[in-house]
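Chemist: Got a structure for you, questions after.
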Amino acid sequence: MLNSQFWPRPLAWSLAALILVAAGCGGAGGADGQAGFVSSEQGHFEGRFSPDSTPIELQQIHSWTLELRDGDGAPVRDARIAIQGGMPAHQHGLPTVPEVAGEVEPGRYRVDGIKFSMKGLWVFRLQVWAGALSDEVVWQVELP
Amino acid sequence: MKNGRRRWLHRFVALGAVALLGGVATVVISSFHPRHPHSWNPEEVALIKSLSLTGMAAPEPDPSNRVAEDLRAVELGRKLFFDERLSANGEISCATCHDPERGFTDGRTVGKGLAEGHRNTPTLVGAGFSRWLFWDGRRDTLWAQALDPLEDPDEQGTTRTRIAQLMASSYRSHYEPLFGELPDLSDTGRFPPDAGPRGDAEAISAWESMAPTDRDAVTEVAVNAAKAIAAFEAQIVPGTTRLDQYADALGSSAEGVGPPGILTELEAEGLRIFIGQGACTDCHSGPLLTNGDFHSIGLPPIPGERFDVGRIDGAPEVAAAEFGCSSEHGDVEPSRCEDIRFLKTSGFELVGAFKVPSLRNVARTAPYMHRGQLATLDDVVAHYDDPPEAIIGHTDLLPLELSGREAAALAAFLGVLDAQPQGLEIAAHSAASTDRVTR
Ligand SMILES: [Cu+2]
């Protein structure tokens with residue numbers, strides 16, 4: 001029944017989710033956007049992804065901001081970002097194709113066109129390229 | 001003394017046994033009957049209240065339709081909705097398939113106009129709230145949708161020039177105050193009586209031989225007529241049901257105990273399954289009981305019929321359609337059409353996915369699903385209880401394993417969602433307007 005063909009890397013997803021939960025590192029960003037920075041998968045960056053307005057309303061298209069900094073806390077500038085996401089429990093992706101609008105302040109990138117269709121756990125994978133480095137920030141949002 | 005002690009012991013043992021039995025019985029009973037059917041915990045109360053119509057705003061006026069809120073457009077649209085002259089054989093109007101007496105559906109498996117179609121006729125109650133129109137969401141505004149059945153050779157099958165001519169001959173006094181002067185269509189050399197991009201071969205070639213500016217003028221009249229129809233449709237909104245009454249009363253009772261006399265115990269049990277074990281509110285959420293999105297629930301294909309792939313075809317079509325929010329006929333900056341800007345057109349999960357329908361008035365709109373595959377609400381519950389493997393694509397459903405009573409409760413609950421649609425007194429108007437439009 002749980003068909004994994006269209007869910008890119010189910011194992012990676014669950015592992016990422018598990019690790020984040022186990023580490024309790026604040027990656028489980030609440031819908032209130034209170035969570036702190038998380039380390040990217042290979043530790044090159046720290047990222048925080050938060051909605052521009054709260055509470056998050058289901059079925060409404062809205063914007064989020066990704067903040068990126070390096071190990072010394074300096075903003076990561078001129079990054080290129082690709083975004084993917086979905087609900088691991090239901091094995092579906094995002095209902096829209098979000099767009100990275102640009103770097104609105106040093107190290108702060110606005111992402112437009114995010115929409116949620118359901119309550120529950122959503123996971124974003126933000127692929128980041130900056131300078132010679134490439135890494136992935138995994139960010140969870142639980143919609144109550 | 002000895003005796004005494006023994007009696008005491010006996011009593012003690014007996015008491016213990018009773019207590020034990022009682023305990024076991026409580027556990028057993030409570031596992032069958034977790035709570036009183038009308039008592040709800042705070043999360044359940046919040047979930048039930050999130051389904052209530054109370055406090056929900058009217059549909060936001062469609063920004064791509066400048067007459068969306070104009071009552072004169074509503075009135076014109078109402079007449080056009082019931083006007084059978086807007087069809088090739090003079091016998092079919094929107095109301096032929098979207099009959100107000102049947103919850104704006106036709107009671108058929110698939111719609112039938114000039115010919116039989118291949119999808120079930122959905123209700124129009126609450127359509128003004130929809131971001132996407134049609135089962136596959138291949139249109140994004142009501143007015144863009146309305147042009148489709150008018151020109152579809154299997155539905156009303158009329159032509160674009162004929163629509164414009166009807167506006168000039170019968171609706172000039174309604175049309176012109178809203179949209180300005182109608183073009184002069186009297187030169188039948190320039191404006192053939194039956195010309196349009198979707199007619200038969202003759203109509204298409206007549207359309208192609210017209211001057212581009214004349215075609216544009218005719219198209220604009222047809223679009224305006226469709227915008228009036230859309231203004232009317234947006235008035236058709238759901239009425240207050242017993243679920244809304246129950247949810248509202250629940251909000252004011254401190255303990256989360258449902259008010260008596262609104263839902264039966266069976267219906268309340270059905271509500272508990274709907275928001276709980278059944279996970280129905282994953283998709284049928286909010287006051288309209290839909291999340292507005294597309295999902296596959298793995299309905300089996302009809303033997304011998306081409307498999308209907310749904311959203312995977314509808315998504316690219318809505319972006320490319322001649323009519324829509326971001327088309328040249330929309331009255332808005334295309335960048336404001338966010339649903340199109342961030343449209344998702346690919347992904348395995350779109351194969352066989354269809355729009356989650358509102359469940360308001362669902363008892364009136366049998367048969368069910370995009371192809372009318374399921375005849376009754378009991379059949380629907382049986383599908384969700386034991387969903388088949390998807391033949392193509394995937395299914396979003398997991399088996400529910402309901403007992404017979406639970407299945408009956410869920411079906412009974414779906415019957416609670418019924419009310420006379422509100423807005424204009426549509427049924428009363430429909431009789432009157434049919435008189436008025438007869439030739
Ligand atoms: Cu989901």
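Ordering of the structure tokens sets the chain letters (A, B, ...); residue numbers start at 1 within each chain; ligands are numbered from 1 in the order shown.
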With a cut-off of 12 Å and counting only C-alpha atoms, select all residues of chain B in contact with chain A and give the selection as a ChimeraX atom specification.
Modeler: /B:43,46-47,50,129-131,279-286,290-298,311,315,335-351,353,356,386-399
Chemist: Find the residues around Asn89 (chain B) up to 10 Å (only C-alpha atoms counted), leave out those fewer than 6 positions away in its own chain, and share them as a list of chain:residue names.
Modeler: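 My list of contacting residues is B:Gly113, B:Leu114, B:Gln156, B:Gly157, B:Thr158.
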Chemist: Those same residues, written as a tab-separated table (two decimals), in the first residue's frame with C-alpha atoms?
Modeler:
```tsv
chain	number	residue	atom	x	y	z
B	113	GLY	CA	-25.83	16.79	-22.66
B	114	LEU	CA	-25.76	16.43	-26.44
B	156	GLN	CA	-24.22	22.41	-24.69
B	157	GLY	CA	-22.33	22.53	-27.98
B	158	THR	CA	-23.15	26.12	-28.85
```
Chemist: Give the answer as one residue: which of B:Glu406, B:Asp216, B:Glu305, B:Glu181 has the shortest atom-to-atom distance to Leu271 (chain B), using only C-alpha atoms?
Modeler: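 Smallest distance to Leu271 (chain B) is found for B:Glu406.
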Chemist: Smallest atom-to-atom distance to ligand 1: which of A:Glu142, A:Leu68, A:Ser63, A:Val104, using only C-alpha atoms and all ligand atoms?
Modeler: A:Glu142
Chemist: Measure the distance from CA of Lys49 (chain B) to CA of Gly270 (chain B) in Å and round it to one decimal.
Modeler: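 If I compute the distance from CA of Lys49 (chain B) to CA of Gly270 (chain B), I get 15.7 Å.
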Chemist: Just list the residues in region 16-128 of chain A DSSP gives helix (DSSP H, G or I) on the backbone, as a PDB file with N, CA, C and O atoms, in the first residue's frame.
Modeler:
```pdb
ATOM      1  N   ALA A  16      16.730  10.913   8.442  1.00  0.00           N
ATOM      2  CA  ALA A  16      16.924  12.322   8.770  1.00  0.00           C
ATOM      3  C   ALA A  16      15.973  12.715   9.894  1.00  0.00           C
ATOM      4  O   ALA A  16      16.355  13.362  10.871  1.00  0.00           O
ATOM      5  N   ALA A  17      14.722  12.273   9.750  1.00  0.00           N
ATOM      6  CA  ALA A  17      13.726  12.614  10.757  1.00  0.00           C
ATOM      7  C   ALA A  17      14.132  12.047  12.106  1.00  0.00           C
ATOM      8  O   ALA A  17      14.108  12.733  13.126  1.00  0.00           O
ATOM      9  N   LEU A  18      14.556  10.772  12.066  1.00  0.00           N
ATOM     10  CA  LEU A  18      14.934  10.103  13.311  1.00  0.00           C
ATOM     11  C   LEU A  18      16.091  10.814  14.000  1.00  0.00           C
ATOM     12  O   LEU A  18      16.060  11.097  15.184  1.00  0.00           O
ATOM     13  N   ILE A  19      17.106  11.094  13.171  1.00  0.00           N
ATOM     14  CA  ILE A  19      18.296  11.730  13.728  1.00  0.00           C
ATOM     15  C   ILE A  19      17.927  13.068  14.367  1.00  0.00           C
ATOM     16  O   ILE A  19      18.315  13.371  15.486  1.00  0.00           O
ATOM     17  N   LEU A  20      17.103  13.821  13.643  1.00  0.00           N
ATOM     18  CA  LEU A  20      16.737  15.135  14.158  1.00  0.00           C
ATOM     19  C   LEU A  20      15.983  15.012  15.471  1.00  0.00           C
ATOM     20  O   LEU A  20      16.245  15.726  16.432  1.00  0.00           O
ATOM     21  N   VAL A  21      15.053  14.064  15.489  1.00  0.00           N
ATOM     22  CA  VAL A  21      14.258  13.895  16.692  1.00  0.00           C
ATOM     23  C   VAL A  21      15.157  13.436  17.834  1.00  0.00           C
ATOM     24  O   VAL A  21      15.137  13.988  18.929  1.00  0.00           O
ATOM     25  N   ALA A  22      16.011  12.428  17.510  1.00  0.00           N
ATOM     26  CA  ALA A  22      16.869  11.874  18.550  1.00  0.00           C
ATOM     27  C   ALA A  22      17.814  12.939  19.095  1.00  0.00           C
ATOM     28  O   ALA A  22      18.009  13.074  20.295  1.00  0.00           O
ATOM     29  N   ALA A  23      18.381  13.722  18.184  1.00  0.00           N
ATOM     30  CA  ALA A  23      19.332  14.732  18.624  1.00  0.00           C
ATOM     31  C   ALA A  23      18.634  15.856  19.381  1.00  0.00           C
ATOM     32  O   ALA A  23      19.253  16.614  20.105  1.00  0.00           O
TER      33      ALA A  23
END
```
Chemist: If I take CA of Phe179 (chain B) and CA of Asn224 (chain B), how far is one from the other in Å, to one decimal?
Modeler: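 Pair CA of Phe179 (chain B) / CA of Asn224 (chain B) returns 7.2 Å.
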Chemist: Got a sec: who's within 12 Å of Ser40 (chain A), counting only C-alpha atoms, leaving out chain neighbours fewer than 5 positions off, as a PyMOL selection string?
Modeler: chain A and resi 16+20+25+27+45-49+67-71+125-129+133-139
Chemist: What does the distance from CA of Arg66 (chain B) to CA of Phe323 (chain B) come to in Å, to one decimal?
Modeler: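 Computing the Euclidean distance for CA of Arg66 (chain B) and CA of Phe323 (chain B) yields 14.8 Å.
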Chemist: Could you list, as a ChimeraX atom specification, every residue within 9 Å of Glu84 (chain B), counting only C-alpha atoms and ignoring same-chain residues fewer than 2 positions away?
Modeler: /B:80-82,86-87,89-96,156,434,437-438
